[in-house]
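As structure tokens, the structure follows; a few thoughts come after it.
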Amino acid sequence: MSADPHLAGLPGTPRHDQIVAARAPWLHHIKAGETLRIVDLEGNQAVDFLLYSAADDAERYSAQDTVAAQGNLFLRTGTVLRSNEGRPMMTIAASAVEYHDTIGGACSCESNTLRYGHHTKAQHACVENFLEANLTEGRGKRDIVSNINFFMNVPVEPDGSLGIVDGISAPGLTVDLRAEMDVIVVVSNCPQINNPCNAFNPTPVRMIVAG
């Protein structure tokens, strides 16, 4: 029996291993010191990501604090994901792609309608996934803050404009996140089909927690 390539180099012993279907949400509690590995199984799949402190979910991921602290818009190996209190929540311990996005936001039924036309109104979106997962623990729409988009390519042009273009991931590529505190991770395996963030074809991802 051949070794599982998606487990190679993962610190500790896997205690949770789940395939998240295309377009689906995922929520999991991760303890300080544990590592979450996200595997892009088929390539070019955006993984929208929110983060809350398990001790007090009023403390949550802050794109502003993270970007300001590192002085760069993109998230790379070594980036510390900081909370709205400036504290380290998770660290990108390893990444098989050069960078990840934290300014492109999450798709919603409303933004789809605005960008792509009223015919998209009924399409499932990341905000709805975040809401579905968060409602299981009593959080609502006001608790959905600016998110991370792992594996998503949002270049910033010289004039300051943003693009959503073909991803820079490929089948089997990974990103490892080490928890610096006890955290709640909420994911939307992005269902977007109107732009190239998912190569117009949402696919499953694998979530592995080890420690």
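Order determines the names: the first chain of the structure tokens is A, the second B, and so forth; residues in each chain are numbered 1 upward, and ligands are numbered 1 upward as they are shown.
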I need the strand (DSSP E or B) residues of segment 3-210 of chain A per DSSP on the backbone, written as a ChimeraX atom specification. /A:14-20,25-30,35-40,47-53,60-61,75,80-83,88-95,100-101,148-150,153,156,162,165,173-179,183-189,205-210
Within 9 Å of Ala55 of chain A using only C-alpha atoms, minus same-chain residues under 4 positions, as a PyMOL selection string: chain A and resi 59+181-183
How would the residues just picked look written out with all heavy atoms as an mmCIF file, in the first residue's frame?
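After the write, result-v2.cif holds the following:
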```
data_model
loop_
_atom_site.group_PDB
_atom_site.id
_atom_site.type_symbol
_atom_site.label_atom_id
_atom_site.label_comp_id
_atom_site.auth_asym_id
_atom_site.auth_seq_id
_atom_site.Cartn_x
_atom_site.Cartn_y
_atom_site.Cartn_z
ATOM 1 N N GLU A 59 -13.365 37.941 19.210
ATOM 2 C CA GLU A 59 -12.033 38.100 18.632
ATOM 3 C C GLU A 59 -11.967 37.202 17.407
ATOM 4 O O GLU A 59 -12.183 35.997 17.499
ATOM 5 C CB GLU A 59 -10.945 37.712 19.639
ATOM 6 C CG GLU A 59 -9.532 37.914 19.100
ATOM 7 C CD GLU A 59 -8.436 37.629 20.118
ATOM 8 O OE1 GLU A 59 -8.764 37.116 21.215
ATOM 9 O OE2 GLU A 59 -7.265 37.917 19.809
ATOM 10 N N MET A 181 -3.359 29.851 18.866
ATOM 11 C CA MET A 181 -4.320 29.844 19.972
ATOM 12 C C MET A 181 -5.393 28.830 19.598
ATOM 13 O O MET A 181 -5.427 28.344 18.464
ATOM 14 C CB MET A 181 -4.934 31.234 20.203
ATOM 15 C CG MET A 181 -5.765 31.723 19.025
ATOM 16 S SD MET A 181 -6.754 33.218 19.368
ATOM 17 C CE MET A 181 -5.511 34.487 19.537
ATOM 18 N N ASP A 182 -6.260 28.492 20.521
ATOM 19 C CA ASP A 182 -7.407 27.652 20.183
ATOM 20 C C ASP A 182 -8.338 28.454 19.275
ATOM 21 O O ASP A 182 -8.747 29.578 19.636
ATOM 22 C CB ASP A 182 -8.163 27.223 21.439
ATOM 23 C CG ASP A 182 -7.353 26.270 22.319
ATOM 24 O OD1 ASP A 182 -6.256 25.841 21.906
ATOM 25 O OD2 ASP A 182 -7.840 25.950 23.421
ATOM 26 N N VAL A 183 -8.649 27.899 18.095
ATOM 27 C CA VAL A 183 -9.411 28.658 17.107
ATOM 28 C C VAL A 183 -10.576 27.834 16.564
ATOM 29 O O VAL A 183 -10.598 26.604 16.654
ATOM 30 C CB VAL A 183 -8.527 29.120 15.933
ATOM 31 C CG1 VAL A 183 -7.491 30.127 16.381
ATOM 32 C CG2 VAL A 183 -7.869 27.935 15.228
#
```
Interatomic distance, atom CA of Gly86 of chain A to atom CA of Phe130 of chain A (Å, one decimal): 22.9 Å
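For the choices A:Val185, A:Leu73, A:Thr203, A:Asp48, the atom-to-atom distance to Ile30 of chain A is smallest for A:Val185 when using only C-alpha atoms.
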Do you know which residues are at most 8 Å from Phe150 of chain A counting only C-alpha atoms, after dropping those on the same chain fewer than 3 positions away, and could you put them as an mmCIF file with all heavy atoms, in the first residue's frame?
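This went into part_2.cif:
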```cif
data_model
loop_
_atom_site.group_PDB
_atom_site.id
_atom_site.type_symbol
_atom_site.label_atom_id
_atom_site.label_comp_id
_atom_site.auth_asym_id
_atom_site.auth_seq_id
_atom_site.Cartn_x
_atom_site.Cartn_y
_atom_site.Cartn_z
ATOM 1 N N ALA A 46 -10.695 27.873 -5.060
ATOM 2 C CA ALA A 46 -10.583 28.878 -4.004
ATOM 3 C C ALA A 46 -11.234 28.357 -2.729
ATOM 4 O O ALA A 46 -12.322 27.777 -2.758
ATOM 5 C CB ALA A 46 -11.244 30.183 -4.434
ATOM 6 N N VAL A 47 -10.564 28.576 -1.595
ATOM 7 C CA VAL A 47 -11.068 28.157 -0.282
ATOM 8 C C VAL A 47 -11.222 29.406 0.578
ATOM 9 O O VAL A 47 -10.238 29.962 1.066
ATOM 10 C CB VAL A 47 -10.117 27.138 0.379
ATOM 11 C CG1 VAL A 47 -10.632 26.753 1.763
ATOM 12 C CG2 VAL A 47 -9.944 25.900 -0.502
ATOM 13 N N ASP A 48 -12.459 29.863 0.738
ATOM 14 C CA ASP A 48 -12.739 31.046 1.552
ATOM 15 C C ASP A 48 -12.706 30.647 3.020
ATOM 16 O O ASP A 48 -13.270 29.617 3.406
ATOM 17 C CB ASP A 48 -14.093 31.630 1.184
ATOM 18 C CG ASP A 48 -14.089 32.299 -0.185
ATOM 19 O OD1 ASP A 48 -13.547 31.692 -1.134
ATOM 20 O OD2 ASP A 48 -14.633 33.409 -0.304
ATOM 21 N N PHE A 49 -12.104 31.510 3.864
ATOM 22 C CA PHE A 49 -11.660 31.077 5.190
ATOM 23 C C PHE A 49 -11.888 32.174 6.213
ATOM 24 O O PHE A 49 -11.451 33.314 6.026
ATOM 25 C CB PHE A 49 -10.165 30.750 5.049
ATOM 26 C CG PHE A 49 -9.465 30.182 6.238
ATOM 27 C CD1 PHE A 49 -9.239 28.817 6.349
ATOM 28 C CD2 PHE A 49 -8.950 31.014 7.225
ATOM 29 C CE1 PHE A 49 -8.531 28.286 7.424
ATOM 30 C CE2 PHE A 49 -8.242 30.494 8.303
ATOM 31 C CZ PHE A 49 -8.036 29.122 8.403
ATOM 32 N N HIS A 100 -1.431 33.882 -1.272
ATOM 33 C CA HIS A 100 -2.880 33.745 -1.145
ATOM 34 C C HIS A 100 -3.474 35.144 -0.957
ATOM 35 O O HIS A 100 -2.773 36.094 -0.603
ATOM 36 C CB HIS A 100 -3.238 32.843 0.035
ATOM 37 C CG HIS A 100 -2.575 31.509 -0.012
ATOM 38 N ND1 HIS A 100 -3.134 30.403 -0.610
ATOM 39 C CD2 HIS A 100 -1.360 31.089 0.466
ATOM 40 C CE1 HIS A 100 -2.319 29.363 -0.491
ATOM 41 N NE2 HIS A 100 -1.240 29.762 0.153
ATOM 42 N N ASP A 101 -4.787 35.251 -1.145
ATOM 43 C CA ASP A 101 -5.458 36.554 -1.152
ATOM 44 C C ASP A 101 -6.219 36.806 0.150
ATOM 45 O O ASP A 101 -6.786 35.887 0.731
ATOM 46 C CB ASP A 101 -6.460 36.593 -2.320
ATOM 47 C CG ASP A 101 -7.424 37.757 -2.200
ATOM 48 O OD1 ASP A 101 -6.966 38.903 -2.333
ATOM 49 O OD2 ASP A 101 -8.623 37.519 -1.930
#
```
